[in-house]
Protein chains: 2
Amino acid sequence: MKEIAPDMKQKIKSIAIQLFYQKGYHACSISNIAERAGIQKSSIYYHYLNKEELLYGILKDTMDDLNQSLDESLVNVKGTEARLIAMIRTHLNFHMDRQKEVIISDSELRGLTSDNLRSVLRMRDDYDRKMRDIIREGIAEGLFINRDPRVVANAIITMCTQSSLWYNPRGNLSKEEIIDIYTKIIFEGIRDRK
Amino acid sequence: MKEIAPDMKQKIKSIAIQLFYQKGYHACSISNIAERAGIQKSSIYYHYLNKEELLYGILKDTMDDLNQSLDESLVNVKGTEARLIAMIRTHLNFHMDRQKEVIISDSELRGLTSDNLRSVLRMRDDYDRKMRDIIREGIAEGLFINRDPRVVANAIITMCTQSSLWYNPRGNLSKEEIIDIYTKIIFEGIRDRK
DNA sequence: GTCTATATGTGGATAGAC
DNA sequence: GTCTATCCACATATAGAC
């Protein structure tokens, strides 16, 4: 079980994440990936059926992990507000931890064809629905403002999602500080109440 | 001055907006555009120097219009809070009115090279700075919560920006209703205070 | 201002040797 | 599992006729 260097299949995937993120899926060629991996482009096809399978693998795994993170973070958490807080925390942490993959997930869906696209969209919808359901419950319980749950959920999710675009692990704000700011804004707004 | 049909240069641009939005810049070829315009691909080059110039024209004009809309909406508006409310309204209206163009602007920056890229980034920075400055003022005046202005401004802008991704002009929510929800969330948060 | 024809490069992908 | 060699389609872009 000596696993010093990651095997080539994983190495190719890592490089693809880096390059799809940097240049975009369509602007990044199989040659580009092969070059970085130190192999010939034809060798890529030993590990992956085609370019789309490479993209699909990235998106699928990312969505799987995201959904799993969410589920785990909600185990034994009771109460609508506490659950929403946990969701926000998890969503932000995930998007700051896996910036490149979530950026690819959010921008390269168009690179997938029929079945693969459907599969990833279903995963994304599952995730979004969990968020909407919490908002809906909160509204029903009179905890949250009574506005269209879809719009409210969307506003919250997308606001947090964008952290992937600017968060800098070497910046002067910790993830905890950022989570604090977002949670505060989401629940209380930006108006200072002293 | 008979301008019944838009001239071909404008027609090409409109088609490019539609296709860059649908398929992405790199996945959309000059042939695709020419086909829709009912001309040969070589004819595109009579109107535009190259493909990048076409993209640049879209991004530049969009950013120009966005900046201009913002400036106009702030004329004679006094007070930090009123100015921020006006900015939010303008940003949302613009992103719901010009969905395709702003989506392209947010996703295809990588298609630009050096000078064009710098130029568009400068416009975007100008815009972002205006938002940050308002937040900064509000914090200084004790109106807004005292958190990192960059993060707060970013959270607000990006939340509103995403409206371009889901807003449906034929949906059951008017732009005014959406503006109301967002403004409410930004200032008061989602917690219901009865 | 649009056409036909073409140059030139590069893309994704496959065949078959080692 | 990686290589060399190659196929074929399509990309951007140009030249020059009408």
# chains A, B, ... in the order shown; residues from 1 in each chain; ligands from 1

call {"tool": "residues_around", "arguments": {"residues": "Cys160 in chain A", "least_positions_apart": "5", "cutoff": "10 Å", "atoms": "only C-alpha atoms (C1' of nucleotides)", "output": "PyMOL selection string"}}
result
(chain A and resi 88-89+91-93+95-96+154-155+178-179+182-183+186) or (chain B and resi 155+158-159)

call {"tool": "write_last_selection", "arguments": {"atoms": "N, CA and C atoms", "output": "mmCIF file, in the first residue's frame"}}
result
data_model
loop_
_atom_site.group_PDB
_atom_site.id
_atom_site.type_symbol
_atom_site.label_atom_id
_atom_site.label_comp_id
_atom_site.auth_asym_id
_atom_site.auth_seq_id
_atom_site.Cartn_x
_atom_site.Cartn_y
_atom_site.Cartn_z
ATOM 1 N N ILE A 88 -25.228 27.415 6.820
ATOM 2 C CA ILE A 88 -24.433 28.555 6.352
ATOM 3 C C ILE A 88 -22.955 28.309 6.628
ATOM 4 N N ARG A 89 -22.674 27.847 7.833
ATOM 5 C CA ARG A 89 -21.287 27.559 8.208
ATOM 6 C C ARG A 89 -20.672 26.518 7.275
ATOM 7 N N HIS A 91 -21.679 25.536 4.271
ATOM 8 C CA HIS A 91 -21.587 26.028 2.897
ATOM 9 C C HIS A 91 -20.372 26.944 2.729
ATOM 10 N N LEU A 92 -20.190 27.850 3.658
ATOM 11 C CA LEU A 92 -19.054 28.771 3.569
ATOM 12 C C LEU A 92 -17.730 28.023 3.700
ATOM 13 N N ASN A 93 -17.633 27.161 4.672
ATOM 14 C CA ASN A 93 -16.386 26.415 4.836
ATOM 15 C C ASN A 93 -16.040 25.634 3.581
ATOM 16 N N HIS A 95 -16.963 26.167 0.513
ATOM 17 C CA HIS A 95 -16.624 27.037 -0.617
ATOM 18 C C HIS A 95 -15.299 27.757 -0.439
ATOM 19 N N MET A 96 -14.849 27.875 0.812
ATOM 20 C CA MET A 96 -13.527 28.469 1.031
ATOM 21 C C MET A 96 -12.444 27.399 0.994
ATOM 22 N N ASN A 154 -32.189 31.640 -2.289
ATOM 23 C CA ASN A 154 -31.249 31.945 -3.357
ATOM 24 C C ASN A 154 -30.297 33.069 -2.971
ATOM 25 N N ALA A 155 -30.858 34.099 -2.379
ATOM 26 C CA ALA A 155 -30.035 35.239 -1.971
ATOM 27 C C ALA A 155 -28.957 34.783 -0.996
ATOM 28 N N ILE A 178 -15.095 35.324 8.736
ATOM 29 C CA ILE A 178 -15.968 35.500 7.577
ATOM 30 C C ILE A 178 -17.332 34.855 7.824
ATOM 31 N N ILE A 179 -17.322 33.676 8.406
ATOM 32 C CA ILE A 179 -18.587 33.018 8.738
ATOM 33 C C ILE A 179 -19.402 33.904 9.680
ATOM 34 N N TYR A 182 -20.980 36.864 7.687
ATOM 35 C CA TYR A 182 -22.094 36.436 6.841
ATOM 36 C C TYR A 182 -23.317 36.067 7.685
ATOM 37 N N THR A 183 -23.093 35.324 8.764
ATOM 38 C CA THR A 183 -24.220 34.910 9.595
ATOM 39 C C THR A 183 -24.925 36.139 10.162
ATOM 40 N N ILE A 186 -26.901 37.863 7.375
ATOM 41 C CA ILE A 186 -28.082 37.102 6.975
ATOM 42 C C ILE A 186 -29.200 37.222 8.000
ATOM 43 N N ALA B 155 -20.460 40.913 -0.173
ATOM 44 C CA ALA B 155 -21.629 40.078 0.108
ATOM 45 C C ALA B 155 -22.867 40.687 -0.538
ATOM 46 N N THR B 158 -22.573 40.762 -4.629
ATOM 47 C CA THR B 158 -22.669 39.467 -5.292
ATOM 48 C C THR B 158 -24.043 38.841 -5.109
ATOM 49 N N MET B 159 -24.640 39.070 -3.960
ATOM 50 C CA MET B 159 -25.993 38.561 -3.748
ATOM 51 C C MET B 159 -26.935 39.143 -4.807
#

call {"tool": "closest_atom_pairs", "arguments": {"of": "chain C", "to": "chain A", "cutoff": "10 Å", "atoms": "only C-alpha atoms (C1' of nucleotides)", "output": "CSV"}}
result
residue,atom,partner,partner_atom,distance
C:DT10,C1',A:Ser29,CA,9.3
C:DG11,C1',A:Ser29,CA,7.3
C:DG12,C1',A:Ile30,CA,7.7
C:DA13,C1',A:Asn50,CA,7.9
C:DT14,C1',A:Ser42,CA,8.7

call {"tool": "select_by_dssp", "arguments": {"residues": "range 39-114 of chain B", "states": "helix (DSSP H, G or I)", "output": "VMD selection string"}}
result
chain B and resid 41 to 47 51 to 74 80 to 97 99 to 107 109 to 111 114

call {"tool": "residues_around", "arguments": {"residues": "Arg150 in chain A", "least_positions_apart": "3", "cutoff": "12 Å", "atoms": "only C-alpha atoms (C1' of nucleotides)", "output": "JSON, numbers by chain"}}
result
{"A": [128, 129, 130, 131, 132, 133, 134, 135, 136, 139, 146, 147, 153, 154, 155, 156, 157, 158], "B": [163, 166, 167, 172, 173, 178, 181]}

call {"tool": "atom_distance", "arguments": {"atom1": "CA of Ala27 in chain B", "atom2": "CA of Asp97 in chain B"}}
result
24.7 Å

call {"tool": "closest_residue", "arguments": {"among": "A:Pro169, A:Gly79, A:Pro6, A:Gly111", "to": "chain B", "atoms": "only C-alpha atoms"}}
result
A:Gly111

call {"tool": "interface_residues", "arguments": {"of": "chain D", "to": "chain B", "cutoff": "9 Å", "atoms": "only C-alpha atoms (C1' of nucleotides)", "output": "JSON, numbers by chain"}}
result
{"D": [11, 12, 13, 14]}

call {"tool": "write_last_selection", "arguments": {"atoms": "N, CA, C and O atoms (P, O5', C5', C4', C3', O3' and C1' of nucleotides)", "output": "PDB file, in the first residue's frame"}}
result
ATOM      1  P    DA D  11     -16.169  25.359 -35.274  1.00  0.00           P
ATOM      2  O5'  DA D  11     -15.064  26.360 -34.733  1.00  0.00           O
ATOM      3  C5'  DA D  11     -14.306  26.020 -33.578  1.00  0.00           C
ATOM      4  C4'  DA D  11     -12.965  26.731 -33.607  1.00  0.00           C
ATOM      5  C3'  DA D  11     -12.985  28.122 -34.229  1.00  0.00           C
ATOM      6  O3'  DA D  11     -13.240  29.090 -33.232  1.00  0.00           O
ATOM      7  C1'  DA D  11     -11.148  26.833 -35.088  1.00  0.00           C
ATOM      8  P    DT D  12     -13.656  30.507 -33.719  1.00  0.00           P
ATOM      9  O5'  DT D  12     -12.290  31.200 -34.150  1.00  0.00           O
ATOM     10  C5'  DT D  12     -11.193  31.257 -33.227  1.00  0.00           C
ATOM     11  C4'  DT D  12      -9.994  31.837 -33.961  1.00  0.00           C
ATOM     12  C3'  DT D  12     -10.222  33.242 -34.508  1.00  0.00           C
ATOM     13  O3'  DT D  12      -9.094  34.049 -34.177  1.00  0.00           O
ATOM     14  C1'  DT D  12      -9.514  31.812 -36.257  1.00  0.00           C
ATOM     15  P    DA D  13      -9.136  35.619 -34.428  1.00  0.00           P
ATOM     16  O5'  DA D  13      -8.610  35.735 -35.926  1.00  0.00           O
ATOM     17  C5'  DA D  13      -7.339  35.167 -36.231  1.00  0.00           C
ATOM     18  C4'  DA D  13      -7.150  35.141 -37.732  1.00  0.00           C
ATOM     19  C3'  DA D  13      -7.470  36.456 -38.454  1.00  0.00           C
ATOM     20  O3'  DA D  13      -6.232  37.062 -38.819  1.00  0.00           O
ATOM     21  C1'  DA D  13      -8.161  34.511 -39.688  1.00  0.00           C
ATOM     22  P    DT D  14      -6.188  38.427 -39.650  1.00  0.00           P
ATOM     23  O5'  DT D  14      -6.048  37.906 -41.156  1.00  0.00           O
ATOM     24  C5'  DT D  14      -5.001  36.984 -41.448  1.00  0.00           C
ATOM     25  C4'  DT D  14      -4.976  36.705 -42.934  1.00  0.00           C
ATOM     26  C3'  DT D  14      -5.068  37.946 -43.836  1.00  0.00           C
ATOM     27  O3'  DT D  14      -4.053  37.821 -44.825  1.00  0.00           O
ATOM     28  C1'  DT D  14      -6.696  36.363 -44.471  1.00  0.00           C
TER      29       DT D  14
END

call {"tool": "residues_around", "arguments": {"residues": "DG1 in chain C", "least_positions_apart": "5", "cutoff": "10 Å", "atoms": "only C-alpha atoms (C1' of nucleotides)", "output": "short mmCIF file (atom, residue, chain, number, x, y, z; two decimals) with N, CA, C and O atoms, in the first residue's frame"}}
result
data_model
loop_
_atom_site.label_atom_id
_atom_site.label_comp_id
_atom_site.auth_asym_id
_atom_site.auth_seq_id
_atom_site.Cartn_x
_atom_site.Cartn_y
_atom_site.Cartn_z
N MET B 8 -25.70 45.71 -39.65
CA MET B 8 -25.11 44.38 -39.45
C MET B 8 -24.15 44.33 -38.28
O MET B 8 -24.13 43.35 -37.53
N SER B 43 -17.23 37.48 -43.40
CA SER B 43 -17.84 38.82 -43.39
C SER B 43 -17.82 39.43 -42.00
O SER B 43 -17.89 40.67 -41.85
N TYR B 46 -15.11 41.92 -41.50
CA TYR B 46 -15.22 43.28 -42.05
C TYR B 46 -15.65 44.24 -40.93
O TYR B 46 -15.24 45.39 -40.89
N HIS B 47 -16.47 43.73 -39.99
CA HIS B 47 -17.03 44.56 -38.92
C HIS B 47 -16.19 44.55 -37.64
O HIS B 47 -16.15 45.54 -36.92
#

call {"tool": "atom_distance", "arguments": {"atom1": "CA of Gln162 in chain B", "atom2": "CA of Phe187 in chain B"}}
result
18.1 Å

call {"tool": "decode", "arguments": {"residues": "chain C", "atoms": "N, CA, C and O atoms (P, O5', C5', C4', C3', O3' and C1' of nucleotides)", "output": "mmCIF file, in the first residue's frame"}}
result
data_model
loop_
_atom_site.group_PDB
_atom_site.id
_atom_site.type_symbol
_atom_site.label_atom_id
_atom_site.label_comp_id
_atom_site.auth_asym_id
_atom_site.auth_seq_id
_atom_site.Cartn_x
_atom_site.Cartn_y
_atom_site.Cartn_z
ATOM 1 P P DG C 1 -20.589 49.475 -45.134
ATOM 2 O "O5'" DG C 1 -20.749 47.903 -45.486
ATOM 3 C "C5'" DG C 1 -21.988 47.603 -46.100
ATOM 4 C "C4'" DG C 1 -21.856 46.247 -46.697
ATOM 5 C "C3'" DG C 1 -21.540 45.123 -45.684
ATOM 6 O "O3'" DG C 1 -22.552 44.174 -45.889
ATOM 7 C "C1'" DG C 1 -20.172 44.921 -47.579
ATOM 8 P P DT C 2 -22.907 43.044 -44.898
ATOM 9 O "O5'" DT C 2 -22.641 41.718 -45.730
ATOM 10 C "C5'" DT C 2 -23.290 41.543 -46.979
ATOM 11 C "C4'" DT C 2 -22.477 40.649 -47.864
ATOM 12 C "C3'" DT C 2 -22.021 39.333 -47.216
ATOM 13 O "O3'" DT C 2 -22.835 38.261 -47.690
ATOM 14 C "C1'" DT C 2 -20.390 40.261 -48.685
ATOM 15 P P DC C 3 -22.439 36.730 -47.396
ATOM 16 O "O5'" DC C 3 -21.505 36.327 -48.626
ATOM 17 C "C5'" DC C 3 -22.063 36.277 -49.929
ATOM 18 C "C4'" DC C 3 -20.987 35.982 -50.961
ATOM 19 C "C3'" DC C 3 -20.223 34.681 -50.713
ATOM 20 O "O3'" DC C 3 -20.811 33.626 -51.447
ATOM 21 C "C1'" DC C 3 -18.723 36.492 -51.205
ATOM 22 P P DT C 4 -20.342 32.126 -51.108
ATOM 23 O "O5'" DT C 4 -18.955 31.991 -51.868
ATOM 24 C "C5'" DT C 4 -18.848 32.183 -53.280
ATOM 25 C "C4'" DT C 4 -17.429 31.879 -53.706
ATOM 26 C "C3'" DT C 4 -16.933 30.495 -53.311
ATOM 27 O "O3'" DT C 4 -16.135 29.948 -54.364
ATOM 28 C "C1'" DT C 4 -15.538 32.133 -52.335
ATOM 29 P P DA C 5 -15.623 28.412 -54.269
ATOM 30 O "O5'" DA C 5 -14.102 28.640 -53.831
ATOM 31 C "C5'" DA C 5 -13.374 29.743 -54.356
ATOM 32 C "C4'" DA C 5 -12.027 29.815 -53.665
ATOM 33 C "C3'" DA C 5 -11.499 28.446 -53.179
ATOM 34 O "O3'" DA C 5 -10.162 28.291 -53.608
ATOM 35 C "C1'" DA C 5 -11.477 30.019 -51.410
ATOM 36 P P DT C 6 -9.393 26.869 -53.303
ATOM 37 O "O5'" DT C 6 -8.464 27.337 -52.101
ATOM 38 C "C5'" DT C 6 -7.864 28.639 -52.164
ATOM 39 C "C4'" DT C 6 -7.280 28.966 -50.815
ATOM 40 C "C3'" DT C 6 -6.562 27.782 -50.141
ATOM 41 O "O3'" DT C 6 -5.238 28.173 -49.887
ATOM 42 C "C1'" DT C 6 -7.907 28.958 -48.608
ATOM 43 P P DA C 7 -4.083 27.083 -49.727
ATOM 44 O "O5'" DA C 7 -3.224 27.754 -48.575
ATOM 45 C "C5'" DA C 7 -3.073 29.176 -48.553
ATOM 46 C "C4'" DA C 7 -2.841 29.626 -47.127
ATOM 47 C "C3'" DA C 7 -1.984 28.635 -46.331
ATOM 48 O "O3'" DA C 7 -0.916 29.346 -45.728
ATOM 49 C "C1'" DA C 7 -3.987 29.142 -45.149
ATOM 50 P P DT C 8 0.321 28.499 -45.163
ATOM 51 O "O5'" DT C 8 -0.052 28.339 -43.632
ATOM 52 C "C5'" DT C 8 -0.566 29.454 -42.894
ATOM 53 C "C4'" DT C 8 -1.088 28.956 -41.578
ATOM 54 C "C3'" DT C 8 -0.332 27.724 -41.062
ATOM 55 O "O3'" DT C 8 0.173 28.015 -39.791
ATOM 56 C "C1'" DT C 8 -2.658 27.441 -40.858
ATOM 57 P P DG C 9 1.152 26.957 -39.067
ATOM 58 O "O5'" DG C 9 0.313 26.761 -37.720
ATOM 59 C "C5'" DG C 9 -0.336 27.886 -37.118
ATOM 60 C "C4'" DG C 9 -1.484 27.406 -36.270
ATOM 61 C "C3'" DG C 9 -1.091 26.281 -35.304
ATOM 62 O "O3'" DG C 9 -1.300 26.774 -33.985
ATOM 63 C "C1'" DG C 9 -3.138 25.769 -36.479
ATOM 64 P P DT C 10 -0.663 25.998 -32.782
ATOM 65 O "O5'" DT C 10 -1.949 25.206 -32.266
ATOM 66 C "C5'" DT C 10 -3.172 25.922 -32.092
ATOM 67 C "C4'" DT C 10 -4.295 24.924 -31.947
ATOM 68 C "C3'" DT C 10 -3.920 23.761 -31.007
ATOM 69 O "O3'" DT C 10 -4.755 23.868 -29.881
ATOM 70 C "C1'" DT C 10 -5.090 23.026 -32.949
ATOM 71 P P DG C 11 -4.664 22.880 -28.682
ATOM 72 O "O5'" DG C 11 -6.082 22.160 -28.687
ATOM 73 C "C5'" DG C 11 -7.254 22.941 -28.813
ATOM 74 C "C4'" DG C 11 -8.427 22.073 -29.261
ATOM 75 C "C3'" DG C 11 -8.425 20.674 -28.671
ATOM 76 O "O3'" DG C 11 -9.204 20.678 -27.484
ATOM 77 C "C1'" DG C 11 -8.759 20.582 -31.041
ATOM 78 P P DG C 12 -9.067 19.448 -26.501
ATOM 79 O "O5'" DG C 12 -9.853 18.296 -27.274
ATOM 80 C "C5'" DG C 12 -11.245 18.427 -27.493
ATOM 81 C "C4'" DG C 12 -11.768 17.206 -28.213
ATOM 82 C "C3'" DG C 12 -11.663 15.917 -27.407
ATOM 83 O "O3'" DG C 12 -12.837 15.143 -27.615
ATOM 84 C "C1'" DG C 12 -10.431 15.689 -29.418
ATOM 85 P P DA C 13 -13.004 13.789 -26.741
ATOM 86 O "O5'" DA C 13 -12.325 12.703 -27.679
ATOM 87 C "C5'" DA C 13 -12.883 12.466 -28.970
ATOM 88 C "C4'" DA C 13 -11.989 11.541 -29.745
ATOM 89 C "C3'" DA C 13 -11.654 10.228 -29.033
ATOM 90 O "O3'" DA C 13 -12.365 9.168 -29.680
ATOM 91 C "C1'" DA C 13 -9.796 11.148 -30.214
ATOM 92 P P DT C 14 -12.215 7.664 -29.179
ATOM 93 O "O5'" DT C 14 -11.145 7.064 -30.188
ATOM 94 C "C5'" DT C 14 -11.374 7.216 -31.593
ATOM 95 C "C4'" DT C 14 -10.271 6.525 -32.368
ATOM 96 C "C3'" DT C 14 -9.926 5.114 -31.893
ATOM 97 O "O3'" DT C 14 -9.862 4.270 -33.045
ATOM 98 C "C1'" DT C 14 -7.970 6.421 -32.017
ATOM 99 P P DA C 15 -9.668 2.667 -32.863
ATOM 100 O "O5'" DA C 15 -8.191 2.471 -33.420
ATOM 101 C "C5'" DA C 15 -7.782 3.179 -34.590
ATOM 102 C "C4'" DA C 15 -6.442 2.615 -35.064
ATOM 103 C "C3'" DA C 15 -6.187 1.167 -34.661
ATOM 104 O "O3'" DA C 15 -5.451 0.535 -35.705
ATOM 105 C "C1'" DA C 15 -4.588 2.574 -33.610
ATOM 106 P P DG C 16 -5.159 -1.055 -35.613
ATOM 107 O "O5'" DG C 16 -3.667 -1.092 -35.066
ATOM 108 C "C5'" DG C 16 -2.672 -0.281 -35.702
ATOM 109 C "C4'" DG C 16 -1.423 -0.306 -34.871
ATOM 110 C "C3'" DG C 16 -1.088 -1.675 -34.260
ATOM 111 O "O3'" DG C 16 0.320 -1.826 -34.299
ATOM 112 C "C1'" DG C 16 -1.147 -0.090 -32.581
ATOM 113 P P DA C 17 1.017 -3.263 -33.984
ATOM 114 O "O5'" DA C 17 2.462 -2.789 -33.485
ATOM 115 C "C5'" DA C 17 3.167 -1.771 -34.219
ATOM 116 C "C4'" DA C 17 4.154 -1.088 -33.282
ATOM 117 C "C3'" DA C 17 5.060 -2.059 -32.521
ATOM 118 O "O3'" DA C 17 6.391 -1.541 -32.495
ATOM 119 C "C1'" DA C 17 3.865 -0.680 -30.984
ATOM 120 P P DC C 18 7.555 -2.452 -31.881
ATOM 121 O "O5'" DC C 18 7.558 -2.063 -30.350
ATOM 122 C "C5'" DC C 18 8.300 -0.932 -29.889
ATOM 123 C "C4'" DC C 18 8.099 -0.813 -28.404
ATOM 124 C "C3'" DC C 18 8.648 -2.007 -27.605
ATOM 125 O "O3'" DC C 18 9.842 -1.597 -26.935
ATOM 126 C "C1'" DC C 18 6.536 -1.236 -26.783
#
